[in-house]
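Here is the file protein.cif (mmCIF, C-alpha atoms and all ligand atoms).
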```
data_work
#
loop_
_atom_site.label_atom_id
_atom_site.label_comp_id
_atom_site.auth_asym_id
_atom_site.auth_seq_id
_atom_site.Cartn_x
_atom_site.Cartn_y
_atom_site.Cartn_z
CA MET A 1 0.00 0.00 0.00
CA THR A 2 1.70 3.19 -1.13
CA THR A 3 0.48 6.72 -1.11
CA ILE A 4 1.66 8.08 -4.43
CA MET A 5 0.21 11.53 -3.97
CA ALA A 6 -1.32 13.44 -1.14
CA THR A 7 -2.21 17.02 -1.80
CA PHE A 8 -4.41 19.54 -0.15
CA ILE A 9 -6.14 21.89 -2.49
CA ALA A 10 -7.59 24.91 -0.77
CA CYS A 11 -10.79 25.80 -2.55
CA GLY A 12 -11.83 28.89 -0.65
CA GLY A 13 -14.23 29.27 2.25
CA LYS A 14 -13.66 27.36 5.45
CA TYR A 15 -13.48 23.99 3.68
CA ASP A 16 -10.48 22.26 2.24
CA VAL A 17 -10.65 19.41 -0.21
CA HIS A 18 -8.42 16.53 0.85
CA HIS A 19 -7.25 14.42 -2.11
CA GLU A 20 -5.37 11.12 -1.95
CA THR A 21 -4.45 8.56 -4.60
CA ARG A 22 -3.40 4.93 -4.18
CA LEU A 23 -2.88 1.94 -6.43
CA LEU A 24 -5.37 -0.78 -5.45
CA LEU A 25 -7.70 -3.20 -7.30
CA GLY A 26 -5.26 -3.03 -10.22
CA THR A 27 -6.18 0.60 -10.82
CA VAL A 28 -5.72 4.12 -9.50
CA ILE A 29 -8.08 4.89 -6.64
CA GLU A 30 -8.70 8.55 -5.88
CA ILE A 31 -10.51 9.72 -2.80
CA THR A 32 -11.53 13.37 -2.51
CA ILE A 33 -13.04 14.58 0.76
CA GLY A 34 -14.55 17.94 1.54
CA HIS A 35 -14.21 18.60 5.29
CA PRO A 36 -12.86 21.50 7.34
CA ASP A 37 -10.86 19.20 9.64
CA GLU A 38 -7.86 17.95 7.66
CA GLY A 39 -6.90 15.37 10.29
CA LEU A 40 -10.38 13.86 10.28
CA ALA A 41 -10.44 13.78 6.46
CA ARG A 42 -7.04 12.06 6.36
CA GLU A 43 -8.15 9.45 8.90
CA ALA A 44 -11.41 8.82 7.04
CA ALA A 45 -9.53 8.37 3.73
CA ALA A 46 -7.18 5.83 5.36
CA LYS A 47 -10.17 3.82 6.60
CA ALA A 48 -11.81 3.95 3.17
CA PHE A 49 -8.62 2.73 1.44
CA ALA A 50 -8.35 -0.08 4.03
CA GLU A 51 -11.93 -1.10 3.23
CA ILE A 52 -11.13 -1.26 -0.50
CA GLU A 53 -8.15 -3.49 0.30
CA ARG A 54 -10.37 -5.75 2.41
CA VAL A 55 -12.91 -6.11 -0.41
CA ASP A 56 -10.12 -6.78 -2.93
CA ALA A 57 -8.70 -9.54 -0.72
CA LEU A 58 -12.19 -11.10 -0.58
CA LEU A 59 -13.11 -10.93 -4.26
CA SER A 60 -9.94 -11.04 -6.34
CA GLY A 61 -10.03 -14.03 -8.68
CA HIS A 62 -6.24 -13.76 -9.09
CA ASN A 63 -5.65 -14.26 -5.40
CA PRO A 64 -5.90 -18.00 -4.57
CA GLY A 65 -6.35 -17.10 -0.90
CA SER A 66 -9.45 -14.97 -1.56
CA GLU A 67 -12.95 -16.35 -1.07
CA ILE A 68 -13.55 -16.20 -4.82
CA GLY A 69 -10.18 -17.90 -5.43
CA THR A 70 -11.17 -20.75 -3.07
CA LEU A 71 -14.63 -20.98 -4.61
CA ASN A 72 -13.14 -21.18 -8.11
CA ALA A 73 -10.86 -24.01 -6.97
CA GLU A 74 -13.50 -26.01 -5.08
CA GLY A 75 -16.96 -24.91 -6.28
CA ALA A 76 -17.30 -27.60 -8.95
CA SER A 77 -16.47 -30.53 -6.69
CA GLU A 78 -18.85 -29.66 -3.83
CA PRO A 79 -21.15 -26.91 -2.52
CA THR A 80 -18.73 -24.42 -1.00
CA ALA A 81 -19.62 -22.13 1.89
CA VAL A 82 -18.90 -18.44 1.39
CA SER A 83 -19.35 -15.41 3.68
CA ALA A 84 -22.73 -13.68 3.80
CA GLU A 85 -21.12 -10.71 2.05
CA VAL A 86 -19.84 -12.74 -0.92
CA PHE A 87 -23.12 -14.67 -1.10
CA ALA A 88 -25.14 -11.43 -1.27
CA LEU A 89 -22.90 -10.08 -4.04
CA LEU A 90 -23.28 -13.30 -6.06
CA GLU A 91 -27.07 -13.13 -5.62
CA ARG A 92 -26.99 -9.52 -6.82
CA ALA A 93 -24.90 -10.55 -9.84
CA ALA A 94 -27.33 -13.39 -10.61
CA ARG A 95 -30.26 -10.93 -10.45
CA ILE A 96 -28.55 -8.61 -12.93
CA ALA A 97 -27.67 -11.57 -15.18
CA SER A 98 -31.37 -12.39 -15.31
CA LEU A 99 -32.47 -8.73 -15.82
CA SER A 100 -30.03 -8.39 -18.73
CA GLY A 101 -31.00 -11.67 -20.38
CA GLY A 102 -27.52 -13.05 -19.71
CA ALA A 103 -25.55 -10.14 -21.23
CA PHE A 104 -23.99 -9.59 -17.79
CA ASP A 105 -22.61 -12.87 -16.49
CA VAL A 106 -19.97 -13.26 -13.77
CA THR A 107 -19.34 -16.86 -14.87
CA ILE A 108 -17.52 -15.42 -17.91
CA GLY A 109 -14.17 -16.40 -16.24
CA PRO A 110 -13.22 -19.38 -18.51
CA VAL A 111 -13.71 -17.25 -21.64
CA MET A 112 -11.74 -14.31 -20.18
CA ASP A 113 -8.87 -16.74 -19.48
CA GLN A 114 -8.75 -17.72 -23.16
CA TRP A 115 -8.30 -14.11 -24.31
CA LYS A 116 -5.31 -13.61 -21.96
CA PHE A 117 -5.73 -9.83 -21.68
CA ASP A 118 -3.33 -9.80 -18.73
CA GLU A 119 -0.55 -11.11 -20.98
CA GLY A 120 -1.13 -8.68 -23.85
CA GLY A 121 -4.00 -10.62 -25.40
CA ARG A 122 -4.43 -13.21 -28.16
CA VAL A 123 -7.34 -14.35 -30.32
CA PRO A 124 -8.45 -17.83 -29.20
CA SER A 125 -9.50 -20.46 -31.75
CA ASP A 126 -13.22 -21.15 -32.28
CA ALA A 127 -12.72 -24.54 -30.61
CA GLU A 128 -11.18 -22.90 -27.52
CA ILE A 129 -14.07 -20.43 -27.29
CA THR A 130 -16.68 -23.16 -27.69
CA ALA A 131 -15.02 -25.28 -24.99
CA ALA A 132 -14.77 -22.30 -22.60
CA LEU A 133 -18.41 -21.28 -23.23
CA ALA A 134 -19.57 -24.74 -22.09
CA ALA A 135 -18.68 -23.71 -18.53
CA VAL A 136 -20.38 -20.26 -18.74
CA GLY A 137 -23.92 -19.47 -17.58
CA THR A 138 -25.37 -18.15 -14.33
CA GLY A 139 -28.03 -20.89 -14.68
CA LYS A 140 -25.27 -23.37 -13.83
CA LEU A 141 -24.35 -21.43 -10.68
CA GLN A 142 -26.32 -22.88 -7.77
CA LEU A 143 -26.76 -20.50 -4.84
CA ASP A 144 -28.16 -22.09 -1.65
CA PRO A 145 -29.32 -19.32 0.70
CA ALA A 146 -30.13 -21.75 3.54
CA ARG A 147 -26.56 -23.05 3.66
CA GLY A 148 -24.84 -19.93 2.32
CA SER A 149 -23.09 -22.17 -0.17
CA VAL A 150 -22.29 -22.01 -3.86
CA HIS A 151 -22.05 -24.99 -6.22
CA PHE A 152 -20.79 -24.93 -9.81
CA LEU A 153 -22.93 -27.29 -11.86
CA SER A 154 -20.35 -27.31 -14.64
CA PRO A 155 -16.72 -28.39 -14.27
CA GLY A 156 -14.36 -25.62 -15.34
CA MET A 157 -16.71 -22.88 -14.14
CA LYS A 158 -14.95 -19.75 -12.86
CA ILE A 159 -16.33 -16.57 -11.32
CA ASP A 160 -14.94 -13.22 -12.52
CA LEU A 161 -16.29 -10.23 -10.61
CA GLY A 162 -14.41 -7.73 -12.80
CA ALA A 163 -17.60 -5.99 -13.89
CA ILE A 164 -19.17 -5.48 -10.43
CA GLY A 165 -16.45 -5.89 -7.77
CA LYS A 166 -14.83 -2.48 -8.25
CA GLY A 167 -18.22 -0.80 -7.97
CA TYR A 168 -18.96 -2.77 -4.82
CA ALA A 169 -15.61 -1.75 -3.30
CA VAL A 170 -16.43 1.91 -4.04
CA ASP A 171 -19.83 1.60 -2.33
CA ARG A 172 -18.19 0.07 0.74
CA ALA A 173 -15.55 2.83 0.83
CA VAL A 174 -18.29 5.48 0.68
CA GLN A 175 -20.13 3.77 3.55
CA VAL A 176 -16.93 3.89 5.62
CA LEU A 177 -16.55 7.62 4.86
CA ARG A 178 -20.16 8.19 5.92
CA ASP A 179 -19.60 6.29 9.17
CA ALA A 180 -16.59 8.54 9.79
CA GLY A 181 -18.83 11.63 9.59
CA ILE A 182 -17.96 12.67 6.02
CA LYS A 183 -20.80 14.24 4.03
CA SER A 184 -18.93 15.44 0.95
CA ALA A 185 -16.65 13.12 -1.04
CA ILE A 186 -15.79 11.35 -4.28
CA VAL A 187 -14.42 7.82 -4.45
CA ASP A 188 -13.09 7.10 -7.96
CA ALA A 189 -11.79 3.64 -8.84
CA GLY A 190 -10.52 4.13 -12.38
CA GLY A 191 -13.81 5.45 -13.76
CA ASP A 192 -16.17 3.82 -11.26
CA LEU A 193 -17.24 6.83 -9.18
CA ARG A 194 -19.53 7.43 -6.27
CA LEU A 195 -20.30 10.91 -5.07
CA LEU A 196 -21.26 11.72 -1.53
CA GLY A 197 -23.21 14.95 -1.26
CA SER A 198 -21.82 17.85 -3.27
CA ARG A 199 -18.58 19.83 -3.40
CA PRO A 200 -18.26 22.13 -0.37
CA GLY A 201 -19.76 25.50 -1.21
CA LYS A 202 -21.56 24.12 -4.30
CA ASP A 203 -24.72 22.14 -4.80
CA PHE A 204 -23.13 19.54 -7.08
CA TRP A 205 -19.87 17.80 -8.01
CA ARG A 206 -18.68 18.44 -11.57
CA ILE A 207 -17.72 15.14 -13.21
CA GLY A 208 -16.05 14.74 -16.61
CA VAL A 209 -16.23 11.52 -18.64
CA ARG A 210 -13.60 10.99 -21.33
CA HIS A 211 -14.37 10.49 -24.99
CA PRO A 212 -13.94 6.79 -25.94
CA ARG A 213 -11.63 7.57 -28.88
CA GLU A 214 -9.80 10.72 -27.70
CA ALA A 215 -8.50 10.38 -24.18
CA SER A 216 -7.97 14.12 -23.69
CA ARG A 217 -11.44 15.13 -24.94
CA LEU A 218 -14.45 15.22 -22.63
CA LEU A 219 -17.54 13.37 -23.81
CA LEU A 220 -19.67 14.44 -20.85
CA ASN A 221 -19.32 17.16 -18.26
CA LEU A 222 -22.06 16.61 -15.70
CA GLU A 223 -23.25 18.23 -12.48
CA LEU A 224 -24.16 15.40 -10.13
CA VAL A 225 -25.11 14.96 -6.47
CA ASP A 226 -25.12 11.86 -4.23
CA THR A 227 -24.98 9.24 -6.97
CA ALA A 228 -22.76 6.72 -8.71
CA ILE A 229 -21.44 7.15 -12.25
CA VAL A 230 -19.62 4.33 -14.03
CA THR A 231 -18.29 3.95 -17.57
CA SER A 232 -17.50 0.73 -19.42
CA GLY A 233 -15.46 1.28 -22.57
CA ASP A 234 -13.71 -0.73 -25.27
CA TYR A 235 -10.57 1.40 -24.67
CA GLU A 236 -9.96 0.19 -21.10
CA ARG A 237 -8.38 -3.23 -21.76
CA PHE A 238 -7.79 -4.19 -25.39
CA PHE A 239 -5.27 -5.28 -27.99
CA MET A 240 -5.17 -4.66 -31.72
CA ASP A 241 -4.74 -7.40 -34.33
CA GLY A 242 -4.37 -5.56 -37.63
CA ASP A 243 -7.30 -3.14 -37.69
CA ALA A 244 -9.41 -5.21 -35.32
CA ARG A 245 -9.79 -4.11 -31.72
CA TYR A 246 -10.28 -7.00 -29.29
CA HIS A 247 -11.44 -5.70 -25.92
CA HIS A 248 -12.44 -7.09 -22.53
CA LEU A 249 -16.23 -6.71 -22.67
CA ILE A 250 -17.26 -10.17 -23.80
CA ASP A 251 -20.65 -11.21 -25.10
CA PRO A 252 -21.40 -14.43 -23.16
CA ARG A 253 -23.52 -15.65 -26.07
CA THR A 254 -20.59 -15.70 -28.50
CA GLY A 255 -17.43 -15.58 -26.37
CA TYR A 256 -16.16 -12.63 -28.48
CA PRO A 257 -15.90 -8.92 -27.59
CA ALA A 258 -19.25 -7.13 -27.99
CA ALA A 259 -18.83 -4.91 -31.06
CA ARG A 260 -21.75 -2.48 -31.13
CA CYS A 261 -20.66 0.20 -28.62
CA GLN A 262 -17.57 2.26 -27.84
CA SER A 263 -18.65 3.17 -24.32
CA VAL A 264 -21.59 3.15 -21.92
CA THR A 265 -21.91 5.52 -18.96
CA VAL A 266 -24.47 4.71 -16.28
CA ILE A 267 -25.73 6.85 -13.42
CA ALA A 268 -27.42 4.91 -10.60
CA PRO A 269 -27.78 5.23 -6.82
CA GLU A 270 -25.19 2.49 -6.10
CA THR A 271 -21.85 1.91 -7.81
CA ALA A 272 -22.07 -1.91 -7.84
CA ASP A 273 -25.31 -1.71 -9.85
CA ALA A 274 -24.04 1.07 -12.15
CA ASP A 275 -20.90 -1.01 -12.79
CA ALA A 276 -22.85 -4.13 -13.75
CA TYR A 277 -25.49 -2.21 -15.73
CA ALA A 278 -22.81 -0.45 -17.80
CA THR A 279 -21.21 -3.78 -18.75
CA ALA A 280 -24.64 -5.29 -19.49
CA ALA A 281 -25.77 -2.37 -21.69
CA PHE A 282 -22.44 -2.42 -23.54
CA VAL A 283 -22.89 -6.11 -24.38
CA LEU A 284 -26.55 -5.63 -25.34
CA GLY A 285 -25.59 -2.92 -27.86
CA PRO A 286 -27.04 0.58 -28.33
CA VAL A 287 -30.68 -0.25 -29.08
CA GLU A 288 -31.30 -3.07 -26.60
CA GLY A 289 -28.87 -1.52 -24.11
CA LEU A 290 -30.75 1.80 -24.09
CA GLY A 291 -34.06 -0.06 -23.57
CA PHE A 292 -32.49 -2.04 -20.72
CA LEU A 293 -31.27 1.14 -18.98
CA ARG A 294 -34.58 2.96 -19.51
CA ASP A 295 -36.47 0.10 -17.83
CA LEU A 296 -34.38 0.39 -14.65
CA PRO A 297 -35.94 2.80 -12.13
CA GLY A 298 -33.67 5.65 -11.00
CA VAL A 299 -31.06 4.85 -13.65
CA GLU A 300 -29.84 7.11 -16.48
CA GLY A 301 -27.22 6.46 -19.10
CA VAL A 302 -25.38 7.60 -22.20
CA ILE A 303 -24.28 5.12 -24.86
CA VAL A 304 -21.70 5.83 -27.58
CA ASP A 305 -22.43 3.44 -30.43
CA ALA A 306 -19.85 1.93 -32.80
CA ALA A 307 -20.17 4.94 -35.15
CA GLY A 308 -19.55 7.40 -32.31
CA GLN A 309 -23.19 8.56 -32.01
CA LEU A 310 -24.53 9.41 -28.55
CA LEU A 311 -27.78 7.89 -27.26
CA TRP A 312 -29.27 9.20 -23.99
CA THR A 313 -31.87 7.57 -21.74
CA ASP A 314 -33.22 11.04 -20.95
CA ARG A 315 -31.05 14.03 -21.80
CA GLU A 316 -33.19 16.46 -19.81
CA LYS A 317 -32.45 14.65 -16.55
CA LEU A 318 -28.67 15.08 -16.83
CA ARG A 319 -27.50 18.63 -16.10
CA GLN A 320 -24.44 19.42 -18.24
P1 LIG B 401 -16.25 -3.28 -16.65
O1 LIG B 401 -14.98 -2.54 -16.87
O2 LIG B 401 -16.95 -2.99 -15.39
O3 LIG B 401 -17.17 -3.21 -17.81
O4 LIG B 401 -15.88 -4.83 -16.47
C1 LIG B 401 -15.13 -5.52 -17.41
C2 LIG B 401 -14.61 -6.78 -16.80
O5 LIG B 401 -15.70 -7.62 -16.44
C3 LIG B 401 -13.76 -7.60 -17.74
O6 LIG B 401 -12.40 -7.26 -17.63
C4 LIG B 401 -14.05 -9.02 -17.27
O7 LIG B 401 -13.29 -9.32 -16.12
C5 LIG B 401 -15.50 -8.96 -16.86
N1 LIG B 401 -16.47 -9.20 -17.95
C6 LIG B 401 -16.27 -9.17 -19.29
N2 LIG B 401 -17.41 -9.41 -19.97
C7 LIG B 401 -18.37 -9.58 -19.02
C8 LIG B 401 -19.77 -9.86 -19.07
N3 LIG B 401 -20.43 -10.01 -20.23
N4 LIG B 401 -20.44 -9.97 -17.89
C9 LIG B 401 -19.80 -9.83 -16.71
N5 LIG B 401 -18.50 -9.59 -16.60
C10 LIG B 401 -17.78 -9.45 -17.73
MG MG B 402 -18.94 -2.84 -15.08
#
```
What is this file in structure tokens?
Amino acid sequence: MTTIMATFIACGGKYDVHHETRLLLGTVIEITIGHPDEGLAREAAAKAFAEIERVDALLSGHNPGSEIGTLNAEGASEPTAVSAEVFALLERAARIASLSGGAFDVTIGPVMDQWKFDEGGRVPSDAEITAALAAVGTGKLQLDPARGSVHFLSPGMKIDLGAIGKGYAVDRAVQVLRDAGIKSAIVDAGGDLRLLGSRPGKDFWRIGVRHPREASRLLLNLELVDTAIVTSGDYERFFMDGDARYHHLIDPRTGYPAARCQSVTVIAPETADADAYATAAFVLGPVEGLGFLRDLPGVEGVIVDAAGQLLWTDREKLRQ
């Protein structure tokens, strides 16, 4: 755990904004806190970072000692007990899998492994994709609430919480800030953001979302209060093979990257949901994805389709 930057930006009035950045969850985590007491803000940020580390240690599929690591190793041979926290997150993921008609599916693990994005990426053969897809499907994930256990009904099944875990960690960090008496903050885990209240002295936080094709250009510049905002994009983890871009948002129906969007931004009360909804809408594509987001109460979104066109759930509701 290293603090790579800790700055205090005075922003006028009696409030300071405390800003700290750390590398966790394989990404840059930024916590911004508006509070007049710098010591209290610093302490609250430390607790929030510790909470993110705790969640990472629980959920990381790469860590064989994590609950998900153990489940992935043992879940196919027998029903495996998990903590109430992990069980609740898997139930939530299963609910979103069902809502999205399977576009969001945390059992995508075996297919992700074939693409080897962590090693620079490679295009698997059709046979490899077909074999990996045989172990994918939330329908083959048996959750037993009475026992708090999880059973994989297919050998080779593997949970990958990459599309919801970061959002969940952000929600937990915000809860820890709240418990510490903070009423104004941003927790940003590499584009998965949750806002607490508004910026001191203002009645909103101003949040910029990058353009999917030009990193230095802003696609959206929104005024938001007390909400989560998450973007899934084909520019986050990808490799090029000739002119083809192979990215990490996989359509569980085909095993290949979903090709009909460049990015999807979702605004929802909780980050875990916004995270999963953004991935789901991306996979569904602009038309179905927009319908999916519009049907979710309290959720707004902006989709950039493959041609770079913007589609809004309801433009009037988002103050730019
Ligand atoms: P996000 O950046 O939140 O859209 O999540 C992307 C990550 O989620 C990928 O790197 C994979 O680990 C995982 N993933 C990819 N495709 C899917 C999918 N269709 N459903 C659920 N998780 C996925
Ligand atoms: Mg996501």
For ligand LIG 401 (chain B), what centre and edge lengths in Å (one decimal) does the axis-aligned box get once 6 Å is added on each side of all its listed atoms, as AutoDock Vina command-line options?
```
--center_x -16.4 --center_y -6.3 --center_z -17.8 --size_x 20.0 --size_y 19.5 --size_z 16.8
```
Kindly indicate which residue among A:Ile96, A:Val299, A:Ala76, A:Val209 lies nearest to ligand MG 402 (chain B), using only C-alpha atoms and all ligand atoms for the distances.
A:Ile96
Exercise answer, 6 Å around ligand LIG 401 (chain B) with all atoms listed in the file, as a list in words
Ala103, Phe104, Asp105, Val106, Ile108, Asp160, Gly162, Ala163, Ile164, Ser232, His248, Leu249, Ile250, Asp251, Pro252, Asp275 and Thr279 of chain A
Close residues, A:Trp312 itself excluded, 9 Å, all atoms listed in the file, min 5 positions apart in chain, as a PDB file with C-alpha atoms, keeping the file's coordinate frame:
```
ATOM      1  CA  LEU A 290     -30.750   1.800 -24.090  1.00  0.00           C
ATOM      2  CA  GLU A 300     -29.840   7.110 -16.480  1.00  0.00           C
ATOM      3  CA  GLY A 301     -27.220   6.460 -19.100  1.00  0.00           C
ATOM      4  CA  VAL A 302     -25.380   7.600 -22.200  1.00  0.00           C
ATOM      5  CA  ILE A 303     -24.280   5.120 -24.860  1.00  0.00           C
TER       6      ILE A 303
END
```
Residues within 10 Å of ligand MG 402 (chain B) should be enumerated using only C-alpha atoms and all ligand atoms and returned as an MDAnalysis selection string.
chainID A and resid 104 161:167 191:192 230:233 249 264:266 271:282
Would you put the residues from that selection into a file with C-alpha atoms, as a PDB file, keeping the file's coordinate frame?
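Output file again.pdb follows:
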```
ATOM      1  CA  PHE A 104     -23.990  -9.590 -17.790  1.00  0.00           C
ATOM      2  CA  LEU A 161     -16.290 -10.230 -10.610  1.00  0.00           C
ATOM      3  CA  GLY A 162     -14.410  -7.730 -12.800  1.00  0.00           C
ATOM      4  CA  ALA A 163     -17.600  -5.990 -13.890  1.00  0.00           C
ATOM      5  CA  ILE A 164     -19.170  -5.480 -10.430  1.00  0.00           C
ATOM      6  CA  GLY A 165     -16.450  -5.890  -7.770  1.00  0.00           C
ATOM      7  CA  LYS A 166     -14.830  -2.480  -8.250  1.00  0.00           C
ATOM      8  CA  GLY A 167     -18.220  -0.800  -7.970  1.00  0.00           C
ATOM      9  CA  GLY A 191     -13.810   5.450 -13.760  1.00  0.00           C
ATOM     10  CA  ASP A 192     -16.170   3.820 -11.260  1.00  0.00           C
ATOM     11  CA  VAL A 230     -19.620   4.330 -14.030  1.00  0.00           C
ATOM     12  CA  THR A 231     -18.290   3.950 -17.570  1.00  0.00           C
ATOM     13  CA  SER A 232     -17.500   0.730 -19.420  1.00  0.00           C
ATOM     14  CA  GLY A 233     -15.460   1.280 -22.570  1.00  0.00           C
ATOM     15  CA  LEU A 249     -16.230  -6.710 -22.670  1.00  0.00           C
ATOM     16  CA  VAL A 264     -21.590   3.150 -21.920  1.00  0.00           C
ATOM     17  CA  THR A 265     -21.910   5.520 -18.960  1.00  0.00           C
ATOM     18  CA  VAL A 266     -24.470   4.710 -16.280  1.00  0.00           C
ATOM     19  CA  THR A 271     -21.850   1.910  -7.810  1.00  0.00           C
ATOM     20  CA  ALA A 272     -22.070  -1.910  -7.840  1.00  0.00           C
ATOM     21  CA  ASP A 273     -25.310  -1.710  -9.850  1.00  0.00           C
ATOM     22  CA  ALA A 274     -24.040   1.070 -12.150  1.00  0.00           C
ATOM     23  CA  ASP A 275     -20.900  -1.010 -12.790  1.00  0.00           C
ATOM     24  CA  ALA A 276     -22.850  -4.130 -13.750  1.00  0.00           C
ATOM     25  CA  TYR A 277     -25.490  -2.210 -15.730  1.00  0.00           C
ATOM     26  CA  ALA A 278     -22.810  -0.450 -17.800  1.00  0.00           C
ATOM     27  CA  THR A 279     -21.210  -3.780 -18.750  1.00  0.00           C
ATOM     28  CA  ALA A 280     -24.640  -5.290 -19.490  1.00  0.00           C
ATOM     29  CA  ALA A 281     -25.770  -2.370 -21.690  1.00  0.00           C
ATOM     30  CA  PHE A 282     -22.440  -2.420 -23.540  1.00  0.00           C
TER      31      PHE A 282
END
```
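Here atom CA of A:Gly139 stands at a distance of 22.7 Å from atom CA of A:Leu293.
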Between A:Glu128, A:Asp118, A:Asp305, A:Glu30, which one has atoms that come closest to A:Ala259, using only C-alpha atoms?
A:Asp305
Would you pick out the contacts of A:Leu218 at 10 Å or less, using all atoms listed in the file, so that residues sharing its chain but fewer than 5 positions from it are not included, and give the list as a ChimeraX atom specification?
/A:207-212
State, in Å with one decimal place, the distance from atom CA of A:Ile186 to atom CA of A:Arg54.
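Going from atom CA of A:Ile186 over to atom CA of A:Arg54 covers 19.1 Å.
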Compile the contact shell of A:Ala307 as a PyMOL selection string: residues with an atom at most 9 Å away, counting only C-alpha atoms, same-chain residues fewer than 3 positions apart removed.
chain A and resi 260-262+304
Keeping only C-alpha atoms, write the selected residues as an mmCIF file, in the coordinates of the input.
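Written out: again.cif:
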```cif
data_model
loop_
_atom_site.group_PDB
_atom_site.id
_atom_site.type_symbol
_atom_site.label_atom_id
_atom_site.label_comp_id
_atom_site.auth_asym_id
_atom_site.auth_seq_id
_atom_site.Cartn_x
_atom_site.Cartn_y
_atom_site.Cartn_z
ATOM 1 C CA ARG A 260 -21.750 -2.480 -31.130
ATOM 2 C CA CYS A 261 -20.660 0.200 -28.620
ATOM 3 C CA GLN A 262 -17.570 2.260 -27.840
ATOM 4 C CA VAL A 304 -21.700 5.830 -27.580
#
```
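By only C-alpha atoms, and with residues fewer than 4 positions from A:Lys116 along its chain excluded, the set lying at most 12 Å from it is A:Gly109, A:Pro110, A:Val111, A:Met112, A:Gly120, A:Gly121, A:Arg122, A:Val123, A:Pro124, A:Arg237, A:Phe238, A:Phe239, A:Tyr246, A:His247, A:His248.
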Write the selection just made, keeping C-alpha atoms, as a CSV table (one decimal), in the coordinates of the input?
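Generated file (out.csv):
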```csv
chain,number,residue,atom,x,y,z
A,109,GLY,CA,-14.2,-16.4,-16.2
A,110,PRO,CA,-13.2,-19.4,-18.5
A,111,VAL,CA,-13.7,-17.2,-21.6
A,112,MET,CA,-11.7,-14.3,-20.2
A,120,GLY,CA,-1.1,-8.7,-23.8
A,121,GLY,CA,-4.0,-10.6,-25.4
A,122,ARG,CA,-4.4,-13.2,-28.2
A,123,VAL,CA,-7.3,-14.4,-30.3
A,124,PRO,CA,-8.4,-17.8,-29.2
A,237,ARG,CA,-8.4,-3.2,-21.8
A,238,PHE,CA,-7.8,-4.2,-25.4
A,239,PHE,CA,-5.3,-5.3,-28.0
A,246,TYR,CA,-10.3,-7.0,-29.3
A,247,HIS,CA,-11.4,-5.7,-25.9
A,248,HIS,CA,-12.4,-7.1,-22.5
```
Would you please work out which residue, of A:Glu67, A:Glu316, A:Asp37, A:Asp226, is nearest to A:Ser184 when using all atoms listed in the file?
A:Asp226
Name the closest residue to A:Thr254 among the candidates A:Ala94, A:Ala135, A:Phe87, A:Asp126; distances are taken between atoms, counting only C-alpha atoms.
A:Asp126
In the coordinates of the file, take the point (-18.4, 13.7, -1.6) and a cut-off of 10 Å; then, counting only C-alpha atoms, name each qualifying protein, DNA or RNA residue as a PyMOL selection string.
chain A and resi 17+31-35+174+177-178+182-187+194-200+204-205+225-227
